[in-house]
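Here is work-v2.txt, consisting of compact mmCIF, C-alpha atoms and all ligand atoms:
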```
# COMPACT_ATOMS: atom_id res chain seq x y z
CA MET A 1 20.51 -12.98 -58.10
CA ALA A 2 17.02 -13.12 -59.67
CA GLY A 3 15.96 -16.43 -61.10
CA LYS A 4 13.29 -18.86 -62.17
CA ILE A 5 12.71 -22.11 -60.28
CA LEU A 6 10.83 -25.10 -61.69
CA PHE A 7 8.63 -26.95 -59.20
CA SER A 8 7.46 -30.54 -59.57
CA SER A 9 5.83 -32.69 -56.91
CA ASP A 10 2.61 -34.66 -56.59
CA ILE A 11 2.64 -34.29 -52.79
CA ASP A 12 3.93 -30.77 -52.04
CA ASP A 13 1.97 -27.54 -52.48
CA PRO A 14 3.42 -25.18 -55.15
CA ALA A 15 1.48 -22.16 -53.82
CA ALA A 16 2.88 -22.62 -50.30
CA TRP A 17 6.40 -22.96 -51.70
CA ALA A 18 6.02 -19.91 -53.96
CA ALA A 19 4.83 -17.85 -50.98
CA ALA A 20 7.64 -19.07 -48.67
CA LEU A 21 10.33 -18.27 -51.26
CA ARG A 22 8.76 -14.92 -52.22
CA ALA A 23 8.65 -13.85 -48.55
CA LEU A 24 12.44 -14.20 -48.35
CA ARG A 25 13.41 -13.40 -51.92
CA PRO A 26 10.85 -11.53 -54.05
CA ASP A 27 13.24 -11.81 -57.04
CA LEU A 28 12.80 -15.60 -57.23
CA GLU A 29 9.89 -16.90 -59.31
CA LEU A 30 8.70 -20.45 -58.61
CA VAL A 31 6.62 -21.99 -61.40
CA ASP A 32 4.79 -25.31 -61.18
CA TRP A 33 5.68 -27.58 -64.14
CA ARG A 34 2.03 -27.56 -65.27
CA ALA A 35 2.28 -23.81 -65.92
CA ALA A 36 5.87 -23.83 -67.20
CA ALA A 37 6.25 -22.33 -70.68
CA GLU A 38 9.75 -21.71 -72.12
CA PRO A 39 11.61 -24.54 -70.34
CA GLU A 40 14.99 -23.07 -71.25
CA ALA A 41 14.21 -20.00 -69.07
CA PHE A 42 14.51 -22.04 -65.83
CA ASP A 43 17.70 -21.79 -63.75
CA PHE A 44 17.02 -24.25 -60.95
CA ALA A 45 14.57 -27.04 -60.07
CA LEU A 46 12.86 -27.98 -56.80
CA LEU A 47 11.50 -31.52 -57.19
CA TRP A 48 10.07 -34.50 -55.40
CA LYS A 49 9.88 -36.22 -58.80
CA PRO A 50 10.71 -34.84 -62.26
CA PRO A 51 7.76 -33.61 -64.34
CA PRO A 52 6.24 -36.19 -66.71
CA GLY A 53 8.47 -36.11 -69.79
CA GLY A 54 11.57 -35.51 -67.67
CA LEU A 55 13.95 -32.58 -67.40
CA GLY A 56 15.39 -32.81 -70.94
CA PRO A 57 13.74 -29.59 -72.20
CA TYR A 58 14.98 -27.62 -69.15
CA ARG A 59 18.41 -27.21 -70.74
CA ASN A 60 19.70 -24.36 -68.59
CA LEU A 61 19.27 -25.79 -65.08
CA LYS A 62 22.30 -25.09 -62.88
CA GLY A 63 21.13 -27.13 -59.91
CA ILE A 64 18.41 -29.47 -58.67
CA GLN A 65 17.11 -29.51 -55.11
CA SER A 66 15.31 -32.66 -53.93
CA LEU A 67 12.20 -32.11 -51.84
CA GLY A 68 13.28 -35.04 -49.65
CA ALA A 69 16.29 -36.33 -47.77
CA GLY A 70 16.14 -39.29 -50.13
CA ILE A 71 16.69 -38.91 -53.85
CA ASN A 72 15.78 -42.34 -55.29
CA GLN A 73 12.30 -41.16 -56.20
CA LEU A 74 14.08 -38.93 -58.74
CA ASP A 75 15.63 -41.88 -60.63
CA LEU A 76 19.18 -40.51 -60.98
CA GLY A 77 19.65 -42.05 -64.45
CA THR A 78 16.94 -39.76 -65.89
CA LEU A 79 18.42 -36.48 -64.56
CA PRO A 80 20.47 -34.19 -66.83
CA PRO A 81 24.13 -35.23 -66.55
CA GLY A 82 26.46 -32.79 -64.82
CA VAL A 83 23.73 -30.78 -63.07
CA PRO A 84 24.41 -30.89 -59.30
CA LEU A 85 21.67 -32.46 -57.16
CA ALA A 86 21.15 -31.79 -53.45
CA ARG A 87 19.27 -33.73 -50.77
CA LEU A 88 17.05 -31.72 -48.44
CA ILE A 89 18.11 -31.76 -44.81
CA ASP A 90 16.28 -29.33 -42.57
CA PRO A 91 15.25 -29.20 -38.92
CA HIS A 92 11.53 -29.84 -39.56
CA LEU A 93 12.22 -32.89 -41.71
CA THR A 94 14.62 -34.27 -39.11
CA GLU A 95 12.18 -33.65 -36.24
CA THR A 96 9.27 -35.33 -38.03
CA MET A 97 11.47 -38.36 -38.84
CA VAL A 98 12.57 -38.55 -35.19
CA ASP A 99 8.92 -38.30 -34.03
CA TYR A 100 7.90 -41.11 -36.36
CA ALA A 101 10.74 -43.40 -35.25
CA VAL A 102 10.06 -42.78 -31.56
CA THR A 103 6.30 -43.35 -32.02
CA ALA A 104 6.89 -46.62 -33.89
CA VAL A 105 9.48 -47.90 -31.39
CA TYR A 106 7.21 -47.09 -28.41
CA ARG A 107 4.22 -48.71 -30.12
CA HIS A 108 6.10 -52.01 -30.32
CA PHE A 109 7.91 -51.58 -26.99
CA ARG A 110 4.72 -51.01 -24.96
CA GLY A 111 2.84 -53.72 -26.90
CA PHE A 112 0.26 -51.36 -28.40
CA ASP A 113 0.53 -53.40 -31.61
CA ARG A 114 -0.63 -56.49 -29.67
CA PHE A 115 -3.19 -54.57 -27.59
CA GLU A 116 -4.80 -53.14 -30.75
CA ARG A 117 -5.32 -56.70 -32.00
CA GLN A 118 -6.55 -57.87 -28.58
CA THR A 119 -9.04 -55.00 -28.44
CA ARG A 120 -10.56 -56.02 -31.77
CA ALA A 121 -10.65 -59.66 -30.53
CA ARG A 122 -12.38 -58.52 -27.25
CA ARG A 123 -9.52 -60.03 -25.21
CA TRP A 124 -8.11 -58.75 -21.89
CA ALA A 125 -4.62 -60.16 -21.29
CA TYR A 126 -2.47 -58.50 -18.63
CA GLU A 127 1.26 -58.07 -19.30
CA ALA A 128 3.72 -56.44 -16.92
CA PRO A 129 5.15 -53.23 -18.42
CA PRO A 130 8.52 -54.01 -20.04
CA ALA A 131 11.91 -52.48 -19.18
CA LYS A 132 13.77 -50.45 -21.78
CA ALA A 133 16.97 -52.33 -20.91
CA ASP A 134 15.32 -55.39 -22.51
CA PHE A 135 14.38 -53.52 -25.68
CA PRO A 136 17.58 -52.38 -27.39
CA VAL A 137 17.06 -50.46 -30.61
CA GLY A 138 19.36 -50.77 -33.64
CA ILE A 139 19.50 -47.99 -36.23
CA LEU A 140 20.51 -48.80 -39.82
CA GLY A 141 22.05 -45.64 -41.22
CA LEU A 142 23.76 -43.00 -39.06
CA GLY A 143 23.61 -39.87 -41.21
CA VAL A 144 21.84 -36.71 -40.02
CA LEU A 145 18.50 -38.52 -39.64
CA GLY A 146 19.80 -41.79 -38.17
CA GLY A 147 22.08 -39.89 -35.80
CA ALA A 148 19.20 -37.72 -34.54
CA ILE A 149 16.93 -40.77 -34.08
CA ALA A 150 19.69 -42.66 -32.23
CA GLN A 151 20.36 -39.76 -29.86
CA ARG A 152 16.67 -39.17 -29.09
CA LEU A 153 16.05 -42.86 -28.33
CA ARG A 154 19.13 -42.92 -26.12
CA THR A 155 17.92 -39.83 -24.25
CA LEU A 156 14.61 -41.62 -23.71
CA GLY A 157 16.48 -44.48 -22.04
CA PHE A 158 16.71 -47.18 -24.72
CA PRO A 159 20.02 -48.96 -25.25
CA VAL A 160 20.88 -47.94 -28.82
CA SER A 161 23.23 -49.45 -31.39
CA GLY A 162 23.82 -48.28 -34.93
CA TRP A 163 25.24 -49.57 -38.16
CA SER A 164 26.64 -47.64 -41.11
CA ARG A 165 28.87 -48.57 -44.01
CA SER A 166 31.76 -46.51 -42.66
CA PRO A 167 32.42 -45.73 -38.96
CA ARG A 168 30.40 -42.77 -37.57
CA PRO A 169 31.28 -42.05 -33.94
CA LEU A 170 28.21 -41.05 -31.88
CA ASP A 171 28.12 -40.45 -28.13
CA GLY A 172 26.59 -43.25 -26.11
CA ILE A 173 25.67 -45.40 -29.13
CA THR A 174 27.18 -48.86 -29.67
CA LEU A 175 28.58 -48.64 -33.17
CA PHE A 176 29.03 -51.23 -35.88
CA ALA A 177 30.43 -50.49 -39.33
CA GLY A 178 30.77 -52.25 -42.64
CA PRO A 179 29.69 -55.70 -43.80
CA ASP A 180 31.97 -57.54 -41.34
CA GLU A 181 30.23 -56.06 -38.30
CA PHE A 182 26.71 -56.41 -39.69
CA PRO A 183 26.03 -59.85 -38.10
CA ALA A 184 27.02 -58.54 -34.64
CA PHE A 185 24.76 -55.52 -35.20
CA LEU A 186 21.83 -57.79 -36.12
CA ALA A 187 22.28 -59.64 -32.84
CA SER A 188 22.48 -56.40 -30.82
CA ALA A 189 18.87 -55.18 -30.84
CA ARG A 190 15.18 -56.10 -30.63
CA ALA A 191 13.83 -53.22 -32.74
CA PHE A 192 15.50 -52.22 -36.00
CA VAL A 193 14.91 -48.79 -37.53
CA CYS A 194 16.06 -48.37 -41.15
CA VAL A 195 16.92 -44.88 -42.41
CA LEU A 196 19.64 -45.90 -44.84
CA ALA A 197 20.02 -44.29 -48.25
CA LEU A 198 18.98 -46.72 -50.97
CA THR A 199 22.04 -47.69 -53.01
CA GLU A 200 23.28 -50.81 -54.79
CA HIS A 201 24.89 -51.80 -51.46
CA THR A 202 21.77 -51.39 -49.33
CA ALA A 203 18.99 -52.61 -51.67
CA GLY A 204 17.35 -55.68 -50.13
CA ILE A 205 19.46 -55.39 -46.96
CA LEU A 206 16.45 -56.50 -44.87
CA ASN A 207 15.97 -60.02 -46.21
CA ARG A 208 15.31 -63.60 -45.09
CA GLU A 209 18.92 -64.10 -43.99
CA THR A 210 19.46 -60.78 -42.17
CA MET A 211 16.03 -60.61 -40.53
CA GLY A 212 16.36 -64.33 -39.73
CA ALA A 213 19.58 -63.49 -37.85
CA MET A 214 17.77 -60.94 -35.63
CA PRO A 215 16.73 -62.20 -32.18
CA PRO A 216 13.32 -63.96 -32.22
CA GLY A 217 10.51 -61.49 -31.53
CA SER A 218 12.33 -58.57 -33.19
CA VAL A 219 10.41 -55.78 -34.89
CA ILE A 220 11.23 -53.79 -38.03
CA VAL A 221 10.61 -50.08 -38.63
CA ASN A 222 11.37 -49.08 -42.22
CA MET A 223 11.41 -45.37 -42.96
CA GLY A 224 14.17 -45.51 -45.60
CA ARG A 225 12.92 -46.77 -48.94
CA GLY A 226 10.77 -49.76 -49.91
CA GLY A 227 13.75 -51.22 -51.80
CA HIS A 228 15.61 -51.88 -48.53
CA LEU A 229 13.15 -54.60 -47.58
CA VAL A 230 12.43 -57.88 -49.34
CA GLU A 231 8.70 -57.81 -48.68
CA ALA A 232 7.99 -61.51 -49.30
CA ASP A 233 10.76 -62.41 -46.81
CA LEU A 234 9.25 -60.19 -44.11
CA ALA A 235 5.79 -61.68 -44.70
CA ALA A 236 7.25 -65.21 -44.38
CA LEU A 237 9.18 -64.37 -41.19
CA VAL A 238 6.10 -62.73 -39.64
CA ARG A 239 3.93 -65.73 -40.51
CA ALA A 240 6.60 -68.02 -39.00
CA GLY A 241 6.50 -65.93 -35.79
CA HIS A 242 10.21 -64.98 -35.94
CA ILE A 243 9.55 -61.28 -36.59
CA ALA A 244 6.89 -60.06 -34.17
CA GLY A 245 5.79 -56.98 -36.08
CA ALA A 246 6.68 -54.16 -38.40
CA THR A 247 5.88 -50.52 -38.98
CA LEU A 248 6.54 -49.60 -42.59
CA ASP A 249 6.36 -46.09 -44.03
CA VAL A 250 7.77 -47.07 -47.40
CA LEU A 251 6.95 -49.93 -49.75
CA SER A 252 8.40 -51.20 -53.01
CA GLN A 253 5.35 -49.86 -54.84
CA GLU A 254 3.71 -46.63 -53.67
CA PRO A 255 0.79 -46.35 -53.42
CA ALA A 256 0.68 -50.04 -52.47
CA PRO A 257 -1.85 -52.07 -54.46
CA ALA A 258 -5.01 -52.94 -52.53
CA ASP A 259 -4.14 -56.66 -52.69
CA HIS A 260 -0.70 -56.18 -51.09
CA PRO A 261 -0.08 -59.13 -48.69
CA PHE A 262 0.85 -56.75 -45.84
CA TYR A 263 -2.75 -55.56 -45.66
CA ASP A 264 -3.70 -59.10 -44.56
CA LEU A 265 -1.06 -59.38 -41.83
CA PRO A 266 -2.28 -57.85 -38.54
CA GLU A 267 1.31 -57.67 -37.25
CA ILE A 268 2.24 -55.17 -39.98
CA LEU A 269 1.26 -51.52 -39.88
CA VAL A 270 1.64 -49.57 -43.13
CA THR A 271 1.72 -45.77 -43.18
CA PRO A 272 1.53 -43.97 -46.55
CA HIS A 273 5.06 -42.48 -46.72
CA VAL A 274 4.31 -39.79 -44.17
CA ALA A 275 7.31 -40.08 -41.81
CA GLY A 276 9.24 -37.02 -42.95
CA GLY A 277 7.50 -33.69 -43.38
CA ILE A 278 8.70 -30.91 -45.63
CA ALA A 279 7.57 -27.46 -44.45
CA PRO A 280 8.23 -24.64 -46.92
CA GLY A 281 8.64 -22.10 -44.09
CA SER A 282 11.42 -24.18 -42.53
CA ALA A 283 13.18 -25.35 -45.70
CA ALA A 284 12.96 -22.22 -47.89
CA PRO A 285 16.23 -20.69 -46.57
CA ILE A 286 18.11 -23.88 -47.49
CA VAL A 287 16.59 -23.93 -50.98
CA ILE A 288 17.55 -20.27 -51.47
CA GLU A 289 21.09 -20.93 -50.24
CA ASN A 290 21.41 -23.78 -52.74
CA PHE A 291 19.90 -21.67 -55.54
CA ASP A 292 22.52 -18.96 -54.86
CA ARG A 293 25.31 -21.54 -54.72
CA ALA A 294 24.19 -23.12 -58.00
CA MET A 295 24.08 -19.75 -59.75
CA ALA A 296 27.56 -18.91 -58.41
CA GLY A 297 28.92 -22.33 -59.45
CA LYS A 298 29.67 -23.21 -55.79
CA PRO A 299 29.12 -26.70 -54.29
CA LEU A 300 25.52 -27.20 -53.07
CA LEU A 301 24.74 -28.02 -49.44
CA ASN A 302 23.99 -31.75 -49.03
CA LEU A 303 25.32 -32.39 -52.51
CA VAL A 304 24.63 -35.89 -53.85
CA ASP A 305 27.66 -37.86 -55.00
CA PRO A 306 26.32 -39.82 -58.01
CA ALA A 307 29.04 -42.50 -57.57
CA ARG A 308 28.01 -43.07 -53.93
CA GLY A 309 24.30 -42.84 -54.76
CA TYR A 310 23.33 -40.36 -51.99
O1 LIG A 401 12.76 -37.09 -47.16
C1 LIG A 401 12.51 -38.15 -47.74
O2 LIG A 401 13.20 -38.58 -48.67
C2 LIG A 401 11.39 -38.95 -47.30
O3 LIG A 401 11.10 -39.95 -47.87
C3 LIG A 401 10.63 -38.48 -46.11
O4 LIG A 401 9.77 -39.46 -45.58
```

Take the structure from the file and write it as structure tokens.
Ligand SMILES: O=C(O)C(=O)CO
Amino acid sequence: MAGKILFSSDIDDPAAWAAALRALRPDLELVDWRAAAEPEAFDFALLWKPPPGGLGPYRNLKGIQSLGAGINQLDLGTLPPGVPLARLIDPHLTETMVDYAVTAVYRHFRGFDRFERQTRARRWAYEAPPAKADFPVGILGLGVLGGAIAQRLRTLGFPVSGWSRSPRPLDGITLFAGPDEFPAFLASARAFVCVLALTEHTAGILNRETMGAMPPGSVIVNMGRGGHLVEADLAALVRAGHIAGATLDVLSQEPAPADHPFYDLPEILVTPHVAGGIAPGSAAPIVIENFDRAMAGKPLLNLVDPARGY
């Protein structure tokens, strides 16, 4: 069915998206919000964030597709009530998230974080290469992304554990579920990779108490949302030497202000929310499928449950 799709993102390219959709479905017109006249003519929206001024004027939307696996950047409370919202899960996004997690884990595992600092300090300090058996990795969040990261790390030879709110069986991964098993999970690893959805239950889950319960020398990789981590607590635990380092792709404020304390801590590497890549060529078929479902009144793929928050 022909239709008109609103596009809004400050990081994705509207021309590339228009071309990718047109190549598959010439009857679909994608219009960037800056060029959008007649808001009531739009059927569907493809968004990283809503346009300034919100979606109120776009009264006839039948579905909204996030341009990310996460949806918190959309601020659910500001979206039109009753319009279904979908997360974006596609092979390119998953692969780029897996690549990022593996790179960050290896960087800490092989001590590149320390060697980078030693290089700048003109120091040569030999260390015997470590064994993976001594570097178990714990994954917070075992959805599509967490599951793929856990399996890849396991294939690479790391002992892997995972925690999710409800049990998610995964081959070869030591599983922990729910609040009762969280302390045992925190004791089970040396590197912790967070890919949880941000909800009222997971906000601030990496805090003084939980990171303090991790084995001394643990490292944190956060590629979920900035709201998962209490930043002042991480800074304090790094200064105290309990947490050895962190690789953070997401912060509570993005872009981070130039005076953010993490910029002064050599143990912390900040990347500018680049972990997951969205490629129009890869994701366009999923967007089209969800457009067609929305127009037919069918449930969207990767539909967000507003009560659950993801
Ligand atoms: O897909 C998302 O939500 C991301 O934040 C990717 O990094």

Please identify all protein, DNA and RNA residues within 9 Å of ligand LIG 401 (chain A), counting all atoms listed in the file, and report them as a ChimeraX atom specification.
/A:48,66-73,87-89,93-94,96-97,197,223-225,249-250,273-278

Name the residues, using the chain letters and numbers of the file, that sit within 12 Å of (12.1, -11.2, -52.0) when counting only C-alpha atoms, and give them as a ChimeraX atom specification.
/A:1-3,18-30,284-285,288

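Nearest-residue note for Ala150 in chain A: choosing from A:Gly111, A:Pro179, A:Phe192, A:Gly226, the minimum distance belongs to A:Phe192, counting all atoms listed in the file.
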
Please identify all polymer residues lying at most 10 Å from the point (30.1, -51.5, -48.3) (file coordinates), using all atoms listed in the file, and present the result as a PDB file with C-alpha atoms, in the frame of the given file.
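Listed below is the output, result_9.pdb:
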```pdb
ATOM      1  CA  SER A 164      26.640 -47.640 -41.110  1.00  0.00           C
ATOM      2  CA  ARG A 165      28.870 -48.570 -44.010  1.00  0.00           C
ATOM      3  CA  SER A 166      31.760 -46.510 -42.660  1.00  0.00           C
ATOM      4  CA  ALA A 177      30.430 -50.490 -39.330  1.00  0.00           C
ATOM      5  CA  GLY A 178      30.770 -52.250 -42.640  1.00  0.00           C
ATOM      6  CA  PRO A 179      29.690 -55.700 -43.800  1.00  0.00           C
ATOM      7  CA  ASP A 180      31.970 -57.540 -41.340  1.00  0.00           C
ATOM      8  CA  GLU A 200      23.280 -50.810 -54.790  1.00  0.00           C
ATOM      9  CA  HIS A 201      24.890 -51.800 -51.460  1.00  0.00           C
ATOM     10  CA  THR A 202      21.770 -51.390 -49.330  1.00  0.00           C
TER      11      THR A 202
END
```

Could you please determine the separation between CA of Ala35 in chain A and CA of Gly56 in chain A in Å, to one decimal place?
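A separation of 16.7 Å between them.
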
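Here CA of Gly309 in chain A is placed at a distance of 20.9 Å from CA of Phe44 in chain A.
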
Using only C-alpha atoms for the distances, tell me which of A:Leu186, A:Val287, A:Met295, A:Cys194 is nearest to Phe7 in chain A.
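Result for the nearest residue to Phe7 in chain A: A:Val287.
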
Please report the interatomic distance between CA of Leu206 in chain A and CA of Asp233 in chain A in Å with one decimal.
8.4 Å

Select, from A:Ser282, A:Thr210, A:Gln253, A:Ser161, the residue with the minimum atom-to-atom distance to Gly141 in chain A, counting only C-alpha atoms.
A:Ser161

Which of these residues is nearest to Ala133 in chain A, using all atoms listed in the file: A:Pro167, A:Gly157, A:Gly147, A:Pro52?
A:Gly157

Contacts of Arg107 in chain A at 12 Å or less, counting only C-alpha atoms, minus same-chain residues fewer than 4 places along, as a PyMOL selection string?
chain A and resi 100-103+111-116+191+219-221+245-247+267-269

Between A:Arg190, A:Arg59, A:Asn302, A:Asp99, which residue has the minimum interatomic distance to Pro80 in chain A, considering only C-alpha atoms?
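Among the listed residues, A:Arg59 lies closest to Pro80 in chain A.
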
Restricting the calculation to only C-alpha atoms: of A:His108, A:His92, A:Arg152, A:His228, which residue gets closest to Gly281 in chain A?
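Closest to Gly281 in chain A of all the choices is A:His92.
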
Range 265-277 of chain A: axis-aligned bounding box, 3 Å on each side, centre and edge lengths in Å, one decimal, as JSON:
```
{"center_x": 3.5, "center_y": -46.5, "center_z": -42.0, "size_x": 17.5, "size_y": 31.7, "size_z": 15.5}
```
